file work_12.cif (mmCIF, C-alpha atoms)
data_entry
#
loop_
_atom_site.label_atom_id
_atom_site.label_comp_id
_atom_site.auth_asym_id
_atom_site.auth_seq_id
_atom_site.Cartn_x
_atom_site.Cartn_y
_atom_site.Cartn_z
CA MET F 1 93.62 153.03 51.39
CA ASN F 2 96.63 150.70 51.45
CA HIS F 3 96.84 147.41 53.27
CA ASP F 4 99.61 148.47 55.65
CA ARG F 5 97.59 151.40 56.92
CA LEU F 6 94.49 149.20 57.20
CA ARG F 7 96.43 146.60 59.16
CA GLU F 8 97.40 149.25 61.69
CA ASP F 9 93.78 150.35 61.92
CA LEU F 10 92.66 146.76 62.30
CA ASP F 11 95.20 146.24 65.08
CA LEU F 12 93.90 149.32 66.91
CA GLU F 13 90.27 148.31 66.39
CA LEU F 14 90.89 144.85 67.82
CA ASP F 15 92.87 146.29 70.71
CA ALA F 16 89.91 148.48 71.64
CA TRP F 17 87.57 145.50 71.12
CA ASN F 18 89.71 143.58 73.59
CA GLY F 19 88.15 145.74 76.31
CA LEU F 20 91.39 147.01 77.74
CA ASP F 21 90.19 150.57 77.67
CA ALA F 22 87.79 149.98 80.56
CA HIS F 23 90.15 151.96 82.81
CA ASP F 24 90.45 154.77 80.41
CA ASP F 25 88.62 158.07 80.16
CA GLY F 26 86.88 157.09 76.95
CA GLU F 27 89.96 156.79 74.75
CA THR F 28 88.88 155.82 71.23
CA LEU F 29 91.55 154.35 69.07
CA LEU F 30 89.85 154.88 65.72
CA THR F 31 87.47 157.62 64.67
CA PRO F 32 83.95 156.47 63.61
CA ALA F 33 84.86 157.29 59.99
CA GLU F 34 88.05 155.21 60.16
CA SER F 35 86.16 152.39 61.80
CA SER F 36 83.42 152.27 59.18
CA ALA F 37 85.99 152.46 56.34
CA LEU F 38 87.77 149.52 57.89
CA GLN F 39 84.56 147.46 58.20
CA GLU F 40 83.74 148.23 54.59
CA HIS F 41 87.16 147.05 53.49
CA LEU F 42 87.03 143.91 55.62
CA ALA F 43 83.73 142.87 54.01
CA GLY F 44 85.47 142.58 50.65
CA CYS F 45 89.03 141.53 51.60
CA ALA F 46 89.68 137.95 52.65
CA GLU F 47 93.36 138.66 53.40
CA CYS F 48 92.53 141.36 55.96
CA ARG F 49 89.78 139.23 57.49
CA SER F 50 92.33 136.47 58.01
CA GLU F 51 94.75 139.00 59.53
CA GLY F 52 91.94 140.08 61.86
CA GLU F 53 91.36 136.51 62.99
CA SER F 54 95.05 136.06 63.78
CA LEU F 55 95.11 139.25 65.79
CA ARG F 56 91.95 138.28 67.62
CA ALA F 57 93.53 134.93 68.52
CA LEU F 58 96.59 136.79 69.80
CA HIS F 59 94.50 139.08 71.99
CA GLU F 60 92.63 136.08 73.39
CA SER F 61 95.88 134.30 74.21
CA LEU F 62 97.23 137.37 76.00
CA ARG F 63 93.97 137.80 77.89
CA ALA F 64 93.95 134.12 78.90
CA SER F 65 97.41 134.42 80.41
CA ILE F 66 96.35 137.01 83.01
CA VAL F 67 96.67 135.68 86.56
CA SER F 68 94.75 136.68 89.68
CA PRO F 69 96.55 138.01 92.73
CA ARG F 70 96.55 135.63 95.66
CA GLU F 71 93.54 135.62 97.99
CA GLY F 72 93.49 138.48 100.49
CA PHE F 73 96.44 140.26 98.90
CA ALA F 74 94.99 143.75 99.38
CA ARG F 75 94.59 143.08 103.14
CA GLU F 76 98.17 141.81 103.25
CA VAL F 77 99.37 145.06 101.74
CA MET F 78 97.36 147.09 104.22
CA ARG F 79 98.76 145.11 107.16
CA ALA F 80 102.32 145.60 105.88
CA LEU F 81 101.86 149.35 105.37
CA PRO F 82 104.12 151.24 107.79
CA PRO F 83 102.99 154.68 108.98
CA ALA F 84 104.04 157.31 106.46
CA PRO F 85 105.96 160.42 107.57
CA TRP F 86 103.15 162.65 106.29
CA GLU F 87 100.52 160.94 108.48
CA ALA F 88 101.59 162.96 111.55
CA ARG F 89 100.60 166.10 109.67
CA ALA F 90 97.19 164.78 108.59
CA LEU F 91 94.31 166.87 109.95
CA VAL F 92 92.46 163.88 111.33
CA VAL F 93 95.35 162.98 113.65
CA TRP F 94 95.03 166.32 115.43
CA ARG F 95 91.22 166.29 115.52
CA TRP F 96 90.83 164.65 118.96
CA PRO F 97 93.72 166.41 120.77
CA PHE F 98 92.41 169.72 119.45
CA ALA F 99 88.85 168.93 120.55
CA LEU F 100 90.13 167.93 124.01
CA LEU F 101 92.13 171.13 124.31
CA LEU F 102 89.09 173.20 123.32
CA THR F 103 86.89 171.40 125.84
CA LEU F 104 89.42 171.86 128.66
CA GLY F 105 89.82 175.52 127.73
CA GLY F 106 86.05 175.98 127.79
CA VAL F 107 85.71 174.30 131.18
CA ALA F 108 88.55 176.41 132.62
CA ALA F 109 86.95 179.60 131.26
CA VAL F 110 83.60 178.73 132.83
CA LEU F 111 85.18 177.89 136.20
CA LEU F 112 87.32 181.02 136.28
CA GLY F 113 84.41 183.15 135.13
CA GLY F 114 82.20 181.71 137.87
CA ALA F 115 84.85 182.31 140.53
CA ALA F 116 85.39 185.89 139.33
CA ALA F 117 81.64 186.58 139.34
CA GLU F 118 81.45 185.42 142.97
CA LEU F 119 84.35 187.65 144.04
CA GLU F 120 83.13 190.74 142.17
CA PRO F 121 79.39 190.32 141.61
CA HIS F 122 78.94 193.84 140.20
CA ALA F 123 81.93 193.90 137.90
CA GLY F 124 81.30 194.05 134.13
CA SER F 125 82.44 191.37 131.62
CA LEU F 126 85.32 193.52 130.39
CA ASP F 127 86.66 193.94 133.95
CA ALA F 128 86.44 190.17 134.46
CA PHE F 129 88.32 189.60 131.21
CA LEU F 130 91.03 192.10 132.13
CA ALA F 131 91.38 190.57 135.59
CA LEU F 132 91.80 187.15 134.01
CA ALA F 133 94.45 188.45 131.60
CA ARG F 134 96.35 190.07 134.52
CA LEU F 135 96.16 186.81 136.46
CA LEU F 136 97.62 184.85 133.51
CA GLN F 137 100.34 187.46 133.04
CA SER F 138 101.35 187.28 136.72
CA ALA F 139 101.40 183.47 136.59
CA ALA F 140 103.62 183.52 133.50
CA LEU F 141 106.03 186.05 135.05
CA ALA F 142 106.23 184.12 138.30
CA GLY F 143 106.94 180.88 136.39
CA ALA F 144 109.66 182.48 134.30
CA GLY F 145 111.25 184.06 137.39
CA LEU F 146 111.30 180.76 139.25
CA LEU F 147 112.83 178.96 136.29
CA GLY F 148 115.53 181.61 135.85
CA ALA F 149 116.36 181.65 139.54
CA SER F 150 116.64 177.90 139.75
CA TRP F 151 118.99 177.72 136.70
CA ARG F 152 121.08 180.58 138.13
CA GLY F 153 121.22 178.80 141.48
CA LEU F 154 122.22 175.53 139.85
CA GLY F 155 124.87 177.29 137.75
CA SER F 156 126.51 179.07 140.63
CA GLY F 157 126.36 175.93 142.77
CA LEU F 158 128.12 173.91 140.05
CA ALA F 159 130.74 176.63 139.52
CA GLU F 160 131.58 176.64 143.23
CA TRP F 161 131.77 172.84 143.31
CA ILE F 162 134.08 172.63 140.27
CA ALA F 163 136.35 175.32 141.69
CA VAL F 164 137.03 173.30 144.84
CA SER F 165 139.72 171.03 143.24
CA LYS F 166 141.00 169.56 139.97
CA LEU F 167 139.39 166.27 140.94
CA HIS F 168 135.99 167.98 141.00
CA LEU F 169 136.71 169.48 137.58
CA ALA F 170 137.61 166.04 136.18
CA GLY F 171 134.44 164.61 137.76
CA ALA F 172 132.34 167.27 136.03
CA GLY F 173 134.07 166.41 132.69
CA VAL F 174 133.32 162.69 133.12
CA ALA F 175 129.70 163.48 133.97
CA LEU F 176 129.42 165.62 130.83
CA VAL F 177 130.81 162.84 128.58
CA ALA F 178 128.50 160.28 130.22
CA LEU F 179 125.50 162.52 129.56
CA ASN F 180 126.47 162.84 125.88
CA VAL F 181 126.84 159.07 125.54
CA LEU F 182 123.41 158.64 127.11
CA PHE F 183 121.84 161.08 124.63
CA LEU F 184 123.51 159.34 121.69
CA ARG F 185 122.20 155.96 122.83
CA LEU F 186 118.72 157.39 123.10
CA LEU F 187 118.92 158.89 119.61
CA ARG F 188 120.37 155.84 117.83
CA PRO F 189 117.19 153.64 117.64
CA ALA F 190 115.33 156.49 115.92
CA ALA F 191 118.15 156.89 113.39
CA ARG F 192 118.12 153.14 112.69
CA ALA F 193 114.33 153.11 112.21
CA SER F 194 114.43 155.97 109.70
CA ALA F 195 117.27 154.33 107.75
CA GLY F 196 115.12 151.21 107.28
CA ALA F 197 112.20 153.09 105.78
CA PRO F 198 111.57 152.62 102.04
CA GLY F 199 113.18 155.18 99.79
CA SER F 200 111.46 157.73 97.63
CA ALA F 201 108.59 156.49 95.51
CA SER F 202 110.21 157.41 92.28
CA GLY F 203 113.27 155.35 93.19
CA GLY F 204 115.42 158.33 92.43
CA ARG F 205 114.16 158.59 88.88
CA SER F 206 112.27 161.34 87.20
CA THR F 207 108.58 162.00 87.84
CA PRO F 208 105.90 161.49 85.16
CA LYS F 209 105.42 164.14 82.58
CA SER F 210 102.36 166.32 82.60
CA ARG F 211 99.16 165.05 81.01
CA MET X 1 65.10 155.44 87.75
CA PRO X 2 68.41 153.62 88.13
CA VAL X 3 70.68 155.01 90.80
CA GLU X 4 74.18 155.69 89.57
CA THR X 5 76.92 154.80 91.98
CA LEU X 6 79.91 156.91 91.11
CA GLU X 7 83.19 155.37 92.10
CA PRO X 8 85.68 157.87 93.52
CA THR X 9 88.52 158.69 91.16
CA ASP X 10 92.09 157.82 92.08
CA GLU X 11 92.79 161.49 92.78
CA GLU X 12 89.77 161.76 95.11
CA LEU X 13 90.92 158.69 96.98
CA VAL X 14 94.41 160.13 97.37
CA ARG X 15 92.97 163.37 98.77
CA SER X 16 90.90 161.54 101.38
CA ILE X 17 93.87 159.36 102.37
CA LEU X 18 96.02 162.44 102.84
CA VAL X 19 93.56 163.94 105.32
CA GLY X 20 93.84 160.79 107.42
CA ASP X 21 91.46 158.19 105.93
CA ARG X 22 94.16 155.51 105.68
CA GLU X 23 91.71 152.68 104.95
CA ARG X 24 90.82 154.25 101.59
CA PHE X 25 94.24 153.19 100.35
CA GLU X 26 92.88 149.64 100.26
CA LEU X 27 90.53 150.73 97.47
CA LEU X 28 93.49 151.86 95.41
CA VAL X 29 95.27 148.58 96.14
CA GLU X 30 92.19 146.61 95.05
CA ARG X 31 91.86 148.74 91.94
CA TYR X 32 95.43 148.16 90.76
CA GLN X 33 96.55 144.88 92.32
CA THR X 34 95.71 142.60 89.37
CA ARG X 35 97.27 144.92 86.83
CA LEU X 36 100.43 145.45 88.88
CA VAL X 37 100.89 141.79 89.81
CA ASN X 38 100.51 140.77 86.15
CA TYR X 39 102.79 143.48 84.86
CA LEU X 40 105.47 142.71 87.45
CA TYR X 41 105.04 138.96 87.02
CA ARG X 42 105.91 139.36 83.34
CA MET X 43 108.81 141.62 84.23
CA VAL X 44 110.42 139.50 86.96
CA ARG X 45 109.02 136.11 85.86
CA ASN X 46 108.24 134.80 89.30
CA LEU X 47 104.75 135.08 90.75
CA ASP X 48 105.79 135.18 94.41
CA GLU X 49 108.40 137.79 93.67
CA ALA X 50 105.84 139.75 91.68
CA HIS X 51 103.54 139.79 94.72
CA ASP X 52 106.37 140.95 96.98
CA LEU X 53 107.36 143.63 94.52
CA THR X 54 103.76 144.78 94.11
CA GLN X 55 103.52 145.14 97.88
CA GLU X 56 106.76 147.09 97.92
CA VAL X 57 105.50 149.38 95.17
CA PHE X 58 102.30 150.11 97.10
CA ILE X 59 104.33 150.82 100.25
CA ARG X 60 106.66 153.18 98.39
CA VAL X 61 103.74 155.00 96.84
CA TYR X 62 101.96 155.30 100.20
CA GLN X 63 105.07 156.66 101.87
CA ALA X 64 105.40 159.35 99.21
CA LEU X 65 101.70 160.03 98.73
CA ASP X 66 101.99 163.60 100.00
CA ARG X 67 104.36 164.30 97.10
CA TYR X 68 101.85 163.09 94.50
CA ASP X 69 100.85 165.90 92.16
CA SER X 70 97.22 165.47 91.10
CA GLN X 71 97.80 167.20 87.77
CA TYR X 72 99.33 163.88 86.70
CA ARG X 73 97.46 160.58 86.44
CA PHE X 74 97.88 158.39 89.52
CA SER X 75 98.15 155.30 87.29
CA THR X 76 101.16 156.63 85.39
CA TRP X 77 102.92 157.51 88.64
CA LEU X 78 102.20 154.05 90.04
CA PHE X 79 103.45 152.26 86.93
CA ARG X 80 106.58 154.38 86.80
CA VAL X 81 107.37 153.34 90.35
CA ALA X 82 106.60 149.72 89.43
CA GLN X 83 108.74 149.87 86.32
CA ASN X 84 111.70 151.31 88.23
CA ALA X 85 111.30 148.73 90.99
CA ALA X 86 111.23 145.87 88.46
CA ILE X 87 114.27 147.18 86.59
CA ASP X 88 116.16 147.44 89.89
CA VAL X 89 115.30 143.80 90.67
CA ILE X 90 116.35 142.63 87.21
CA ARG X 91 119.62 144.54 87.47
CA LYS X 92 120.36 143.19 90.93
CA ARG X 93 119.73 139.64 89.88
CA ARG X 94 122.39 139.59 87.20
CA ILE X 95 121.61 136.07 86.05
CA GLN X 96 123.06 135.58 82.60
CA LEU X 97 122.61 139.25 81.98
CA VAL X 98 124.28 140.51 78.88
CA PRO X 99 125.62 144.04 79.43
CA ILE X 100 123.12 146.80 78.85
CA SER X 101 123.80 148.12 75.40
CA ARG X 102 122.73 151.23 73.62
CA ARG X 103 121.49 151.13 70.08
CA VAL X 104 119.67 153.41 67.73
CA ASP X 105 116.21 152.48 66.47
CA GLU X 106 114.73 153.22 63.07
CA ALA X 107 113.47 156.60 64.21
CA GLY X 108 117.02 157.54 65.15
CA GLU X 109 116.30 157.46 68.91
CA ALA X 110 118.85 155.99 71.26
CA THR X 111 117.29 153.04 73.07
CA VAL X 112 118.46 150.68 75.74
CA ASP X 113 118.42 146.91 75.35
CA LEU X 114 118.18 144.94 78.55
CA GLU X 115 118.98 141.38 77.57
CA LEU X 116 117.36 138.82 79.80
CA PRO X 117 117.69 135.04 80.06
CA ASP X 118 115.84 133.26 77.30
CA GLY X 119 112.23 132.51 78.18
CA GLN X 120 111.98 128.99 76.84
CA PRO X 121 109.30 126.98 78.62
CA THR X 122 110.83 124.74 81.25
CA ALA X 123 109.83 121.13 81.93
CA LEU X 124 108.07 122.33 85.08
CA ASP X 125 105.90 124.67 83.03
CA LYS X 126 104.74 121.77 80.93
CA LEU X 127 104.23 119.50 83.93
CA GLU X 128 101.99 122.09 85.52
CA GLY X 129 99.99 122.52 82.35
CA ARG X 130 101.23 126.01 81.70
CA GLU X 131 102.11 125.57 78.05
CA LEU X 132 100.11 128.57 76.91
CA ASP X 133 101.63 130.78 79.57
CA ALA X 134 105.10 129.50 78.79
CA SER X 135 104.72 130.00 75.04
CA ILE X 136 103.40 133.53 75.56
CA ARG X 137 106.27 134.23 77.91
CA ALA X 138 108.75 132.92 75.36
CA ALA X 139 107.19 135.01 72.59
CA ILE X 140 107.20 138.16 74.73
CA ASP X 141 110.76 137.52 75.86
CA ALA X 142 111.84 137.23 72.26
CA LEU X 143 110.72 140.82 71.63
CA PRO X 144 113.26 143.64 71.81
CA TRP X 145 113.15 145.27 75.26
CA GLU X 146 111.37 148.48 74.18
CA TYR X 147 108.58 146.51 72.45
CA ARG X 148 108.33 144.10 75.35
CA GLU X 149 107.85 146.91 77.83
CA LEU X 150 105.02 148.40 75.78
CA ILE X 151 103.26 145.04 75.42
CA LEU X 152 103.50 144.48 79.17
CA LEU X 153 102.20 147.94 79.99
CA ARG X 154 99.31 147.58 77.55
CA HIS X 155 98.23 143.96 77.97
CA TYR X 156 99.17 143.26 81.59
CA GLY X 157 99.26 146.74 83.11
CA GLU X 158 96.16 147.52 81.04
CA LEU X 159 97.20 151.12 80.55
CA ALA X 160 95.58 153.29 77.91
CA TYR X 161 97.77 154.43 75.02
CA GLU X 162 98.01 157.94 76.47
CA GLU X 163 99.04 156.57 79.85
CA ILE X 164 101.76 154.49 78.21
CA ALA X 165 102.93 157.58 76.34
CA GLU X 166 103.23 159.37 79.72
CA VAL X 167 104.98 156.49 81.49
CA LYS X 168 107.47 156.05 78.66
CA ALA X 169 107.71 159.76 77.80
CA MET X 170 107.00 158.92 74.15
CA PRO X 171 104.74 160.58 71.59
CA LEU X 172 101.34 158.88 71.30
CA GLY X 173 101.94 158.05 67.62
CA THR X 174 105.17 156.25 68.49
CA VAL X 175 103.38 154.19 71.14
CA LYS X 176 100.69 153.14 68.65
CA ASN X 177 103.25 152.30 65.98
CA LYS X 178 105.52 150.33 68.30
CA LEU X 179 102.61 148.41 69.79
CA PHE X 180 101.43 147.52 66.29
CA ARG X 181 104.88 146.24 65.38
CA ALA X 182 105.20 144.39 68.67
CA ARG X 183 101.87 142.63 68.14
CA GLN X 184 102.86 141.70 64.59
CA MET X 185 105.99 140.02 66.00
CA LEU X 186 103.99 138.28 68.70
CA LYS X 187 101.40 137.11 66.20
CA LEU X 188 104.09 135.55 64.05
CA GLN X 189 105.48 133.68 67.04
CA LEU X 190 102.21 132.56 68.58
CA VAL X 191 99.67 132.28 65.80
CA GLY X 192 101.95 132.06 62.78
CA PRO X 193 101.55 133.81 59.41
CA ARG X 194 98.17 133.49 57.71
#
call {"tool": "encode", "arguments": {"input": "work_12.cif", "output": "structure tokens"}}
result
Amino acid sequence: MNHDRLREDLDLELDAWNGLDAHDDGETLLTPAESSALQEHLAGCAECRSEGESLRALHESLRASIVSPREGFAREVMRALPPAPWEARALVVWRWPFALLLTLGGVAAVLLGGAAAELEPHAGSLDAFLALARLLQSAALAGAGLLGASWRGLGSGLAEWIAVSKLHLAGAGVALVALNVLFLRLLRPAARASAGAPGSASGGRSTPKSR
Amino acid sequence: MPVETLEPTDEELVRSILVGDRERFELLVERYQTRLVNYLYRMVRNLDEAHDLTQEVFIRVYQALDRYDSQYRFSTWLFRVAQNAAIDVIRKRRIQLVPISRRVDEAGEATVDLELPDGQPTALDKLEGRELDASIRAAIDALPWEYRELILLRHYGELAYEEIAEVKAMPLGTVKNKLFRARQMLKLQLVGPR
């Protein structure tokens, strides 16, 4: 084995000795055979032993220069952490609203079922269910009808009012512009907030390669 | 019989954070804070700035956590973000920066040299008893950029060789070889020839 190759092995051996691989999934820098060959060589080579001492001193110097983060830094980071966009989609966020909805639905079903049983004591469960479905359908149709009628009424009322004179028409135009300005003002703080959020984690650069 | 307490892996922590356990992110911060602060401190050369940048890196990573792909190591993703953030800071600073130049290394690969201000220990360093730190800084700063980056990732970011290979998109053999050469240069500067 030549000295250059052994020096590289020695460097790797000392790097592993330095304990930096604590975070690693058992990465070994030299094979057991390479390691024992190195030890054997070191026992008889003063030059390589001296090289080893220099490298060891270097590793110790590097290790000694490591600083500790300031006290409570992790808490500081947590306090500074703004809500992430993905948090709204996290399951846990919807856990309580969903549970509340289920509970309310259950209570409503029990109350409606009780009321139906009192009205029709001899009716079967299927009849009660069908009656409930019909009731919901009627309520939905009535709601939709009311909504449609009110919009139609509002529309025809506005059309009549605008048709009265050009002044009314201009007034309607001004009201429309004012409404748009109002909407824009309401939207602007949200736009500003999203512009201030940190950019993508990769900083626009490529993502890591596969393991 | 001793009871083994298995620490959750980074990937397990990320999964639990993504389902809404925000507080688990603190474990990741605690796990990586020393390594990131040290790595960034050596990159930007100011401890307060390194803390600020570390915080920014954690925030960026948290914001994009749903885009993390668990087939990659979390550590390599984190250090890539940190490396990009540090390079952005260095570029923005533009103190005595020599233009970024391209050159070709011995293996024929095009590499980028980012020249930084010289890292000579200042009088303040000596006054505060930081001679060792200052001399290490000077020795590291004297390394070519590509070697310097590897030394910082290995000795301050405490990344495994394979992780460095992923962060730098380099073959493992190249990482080992360059780290060997970088340590030889450092040894000459700090310990001297024996």
call {"tool": "resolve_selection", "arguments": {"input": "work_12.cif", "expression": "the PyMOL selection byres ((chain F and resi 39) around 12)", "output": "list in words"}}
result
Leu6, Arg7, Asp9, Leu10, Glu13, Leu14, Leu30, Pro32, Ala33, Glu34, Ser35, Ser36, Ala37, Leu38, Glu40, His41, Leu42, Ala43, Gly44, Cys45, Cys48, Arg49 and Gly52 of chain F
call {"tool": "write_last_selection", "arguments": {"input": "work_12.cif", "atoms": "C-alpha atoms", "output": "compact mmCIF listing (two decimals), keeping the file's coordinate frame"}}
result
# COMPACT_ATOMS: atom_id res chain seq x y z
CA LEU F 6 94.49 149.20 57.20
CA ARG F 7 96.43 146.60 59.16
CA ASP F 9 93.78 150.35 61.92
CA LEU F 10 92.66 146.76 62.30
CA GLU F 13 90.27 148.31 66.39
CA LEU F 14 90.89 144.85 67.82
CA LEU F 30 89.85 154.88 65.72
CA PRO F 32 83.95 156.47 63.61
CA ALA F 33 84.86 157.29 59.99
CA GLU F 34 88.05 155.21 60.16
CA SER F 35 86.16 152.39 61.80
CA SER F 36 83.42 152.27 59.18
CA ALA F 37 85.99 152.46 56.34
CA LEU F 38 87.77 149.52 57.89
CA GLU F 40 83.74 148.23 54.59
CA HIS F 41 87.16 147.05 53.49
CA LEU F 42 87.03 143.91 55.62
CA ALA F 43 83.73 142.87 54.01
CA GLY F 44 85.47 142.58 50.65
CA CYS F 45 89.03 141.53 51.60
CA CYS F 48 92.53 141.36 55.96
CA ARG F 49 89.78 139.23 57.49
CA GLY F 52 91.94 140.08 61.86
call {"tool": "atom_distance", "arguments": {"input": "work_12.cif", "atom1": "CA of Leu141 (chain F)", "atom2": "CA of Leu154 (chain F)"}}
result
19.9 Å
call {"tool": "resolve_selection", "arguments": {"input": "work_12.cif", "expression": "the PyMOL selection byres ((chain X and resi 79-89) around 6)", "output": "number ranges by chain"}}
result
F: 202; X: 57, 76-78, 90-92, 167
call {"tool": "resolve_selection", "arguments": {"input": "work_12.cif", "expression": "the PyMOL selection byres ((chain X and resi 28-42) around 8)", "output": "short mmCIF file (atom, residue, chain, number, x, y, z; two decimals) with C-alpha atoms, keeping the file's coordinate frame"}}
result
data_model
loop_
_atom_site.label_atom_id
_atom_site.label_comp_id
_atom_site.auth_asym_id
_atom_site.auth_seq_id
_atom_site.Cartn_x
_atom_site.Cartn_y
_atom_site.Cartn_z
CA ILE F 66 96.35 137.01 83.01
CA VAL F 67 96.67 135.68 86.56
CA SER F 68 94.75 136.68 89.68
CA PRO F 69 96.55 138.01 92.73
CA ALA F 74 94.99 143.75 99.38
CA VAL F 77 99.37 145.06 101.74
CA ASP X 10 92.09 157.82 92.08
CA LEU X 13 90.92 158.69 96.98
CA ARG X 24 90.82 154.25 101.59
CA PHE X 25 94.24 153.19 100.35
CA GLU X 26 92.88 149.64 100.26
CA LEU X 27 90.53 150.73 97.47
CA MET X 43 108.81 141.62 84.23
CA VAL X 44 110.42 139.50 86.96
CA ARG X 45 109.02 136.11 85.86
CA ASN X 46 108.24 134.80 89.30
CA LEU X 47 104.75 135.08 90.75
CA GLU X 49 108.40 137.79 93.67
CA ALA X 50 105.84 139.75 91.68
CA HIS X 51 103.54 139.79 94.72
CA LEU X 53 107.36 143.63 94.52
CA THR X 54 103.76 144.78 94.11
CA PHE X 58 102.30 150.11 97.10
CA PHE X 79 103.45 152.26 86.93
CA ALA X 82 106.60 149.72 89.43
CA GLN X 83 108.74 149.87 86.32
CA ALA X 86 111.23 145.87 88.46
CA ARG X 137 106.27 134.23 77.91
CA LEU X 152 103.50 144.48 79.17
CA LEU X 153 102.20 147.94 79.99
CA TYR X 156 99.17 143.26 81.59
CA GLY X 157 99.26 146.74 83.11
CA GLU X 158 96.16 147.52 81.04
#
call {"tool": "atom_distance", "arguments": {"input": "work_12.cif", "atom1": "CA of Arg134 (chain F)", "atom2": "CA of Gly113 (chain F)"}}
result
13.8 Å
call {"tool": "closest_residue", "arguments": {"input": "work_12.cif", "among": "F:Leu12, F:Leu146, F:Ala57, F:Ala140", "to": "Asn177 (chain X)", "atoms": "all atoms listed in the file"}}
result
F:Leu12
call {"tool": "atom_distance", "arguments": {"input": "work_12.cif", "atom1": "CA of Ile140 (chain X)", "atom2": "CA of Leu62 (chain F)"}}
result
10.1 Å
call {"tool": "closest_residue", "arguments": {"input": "work_12.cif", "among": "F:Ala172, F:Ala46, F:Ile162, F:Leu81", "to": "chain X", "atoms": "only C-alpha atoms"}}
result
F:Leu81
call {"tool": "closest_residue", "arguments": {"input": "work_12.cif", "among": "F:Ala84, F:Trp161, F:Leu147, F:Gly72", "to": "chain X", "atoms": "only C-alpha atoms"}}
result
F:Ala84
call {"tool": "closest_residue", "arguments": {"input": "work_12.cif", "among": "F:Leu167, F:Glu47, F:Trp151, F:Asn2", "to": "chain X", "atoms": "all atoms listed in the file"}}
result
F:Glu47
call {"tool": "closest_residue", "arguments": {"input": "work_12.cif", "among": "X:Ala160, X:Met170, X:Met185, X:Leu150", "to": "chain F", "atoms": "all atoms listed in the file"}}
result
X:Ala160
call {"tool": "closest_residue", "arguments": {"input": "work_12.cif", "among": "F:Leu176, F:Leu135, F:Ala170, F:Ala99", "to": "Leu112 (chain F)", "atoms": "all atoms listed in the file"}}
result
F:Leu135
call {"tool": "axis_aligned_box", "arguments": {"input": "work_12.cif", "around": "region 56-64 of chain F", "padding_each_side": "8 Å", "output": "lines of an AutoDock Vina configuration file"}}
result
center_x = 94.6
center_y = 136.6
center_z = 73.3
size_x = 21.3
size_y = 21.0
size_z = 27.3
call {"tool": "decode", "arguments": {"input": "work_12.cif", "residues": "region 134-146 of chain X", "atoms": "N, CA and C atoms", "output": "JSON list (two decimals), in the first residue's frame"}}
result
[["chain", "number", "residue", "atom", "x", "y", "z"],
["X", 134, "ALA", "N", -10.51, 32.77, 15.31],
["X", 134, "ALA", "CA", -10.09, 33.65, 14.21],
["X", 134, "ALA", "C", -9.10, 32.94, 13.29],
["X", 135, "SER", "N", -8.18, 32.15, 13.89],
["X", 135, "SER", "CA", -7.21, 31.49, 13.02],
["X", 135, "SER", "C", -7.87, 30.38, 12.21],
["X", 136, "ILE", "N", -8.85, 29.71, 12.80],
["X", 136, "ILE", "CA", -9.59, 28.69, 12.03],
["X", 136, "ILE", "C", -10.36, 29.36, 10.91],
["X", 137, "ARG", "N", -10.98, 30.49, 11.25],
["X", 137, "ARG", "CA", -11.75, 31.21, 10.23],
["X", 137, "ARG", "C", -10.83, 31.62, 9.07],
["X", 138, "ALA", "N", -9.65, 32.14, 9.44],
["X", 138, "ALA", "CA", -8.72, 32.58, 8.39],
["X", 138, "ALA", "C", -8.29, 31.39, 7.52],
["X", 139, "ALA", "N", -8.03, 30.26, 8.18],
["X", 139, "ALA", "CA", -7.58, 29.08, 7.43],
["X", 139, "ALA", "C", -8.68, 28.57, 6.50],
["X", 140, "ILE", "N", -9.92, 28.58, 7.01],
["X", 140, "ILE", "CA", -11.04, 28.10, 6.19],
["X", 140, "ILE", "C", -11.28, 29.07, 5.03],
["X", 141, "ASP", "N", -11.18, 30.36, 5.35],
["X", 141, "ASP", "CA", -11.41, 31.37, 4.30],
["X", 141, "ASP", "C", -10.36, 31.32, 3.21],
["X", 142, "ALA", "N", -9.20, 30.81, 3.56],
["X", 142, "ALA", "CA", -8.13, 30.73, 2.57],
["X", 142, "ALA", "C", -8.35, 29.57, 1.59],
["X", 143, "LEU", "N", -9.27, 28.68, 1.93],
["X", 143, "LEU", "CA", -9.55, 27.55, 1.03],
["X", 143, "LEU", "C", -10.32, 28.01, -0.20],
["X", 144, "PRO", "N", -10.14, 27.34, -1.33],
["X", 144, "PRO", "CA", -11.01, 27.63, -2.48],
["X", 144, "PRO", "C", -12.46, 27.35, -2.09],
["X", 145, "TRP", "N", -13.38, 28.09, -2.71],
["X", 145, "TRP", "CA", -14.80, 28.05, -2.30],
["X", 145, "TRP", "C", -15.37, 26.63, -2.22],
["X", 146, "GLU", "N", -15.10, 25.81, -3.23],
["X", 146, "GLU", "CA", -15.70, 24.46, -3.26],
["X", 146, "GLU", "C", -15.20, 23.59, -2.10]]
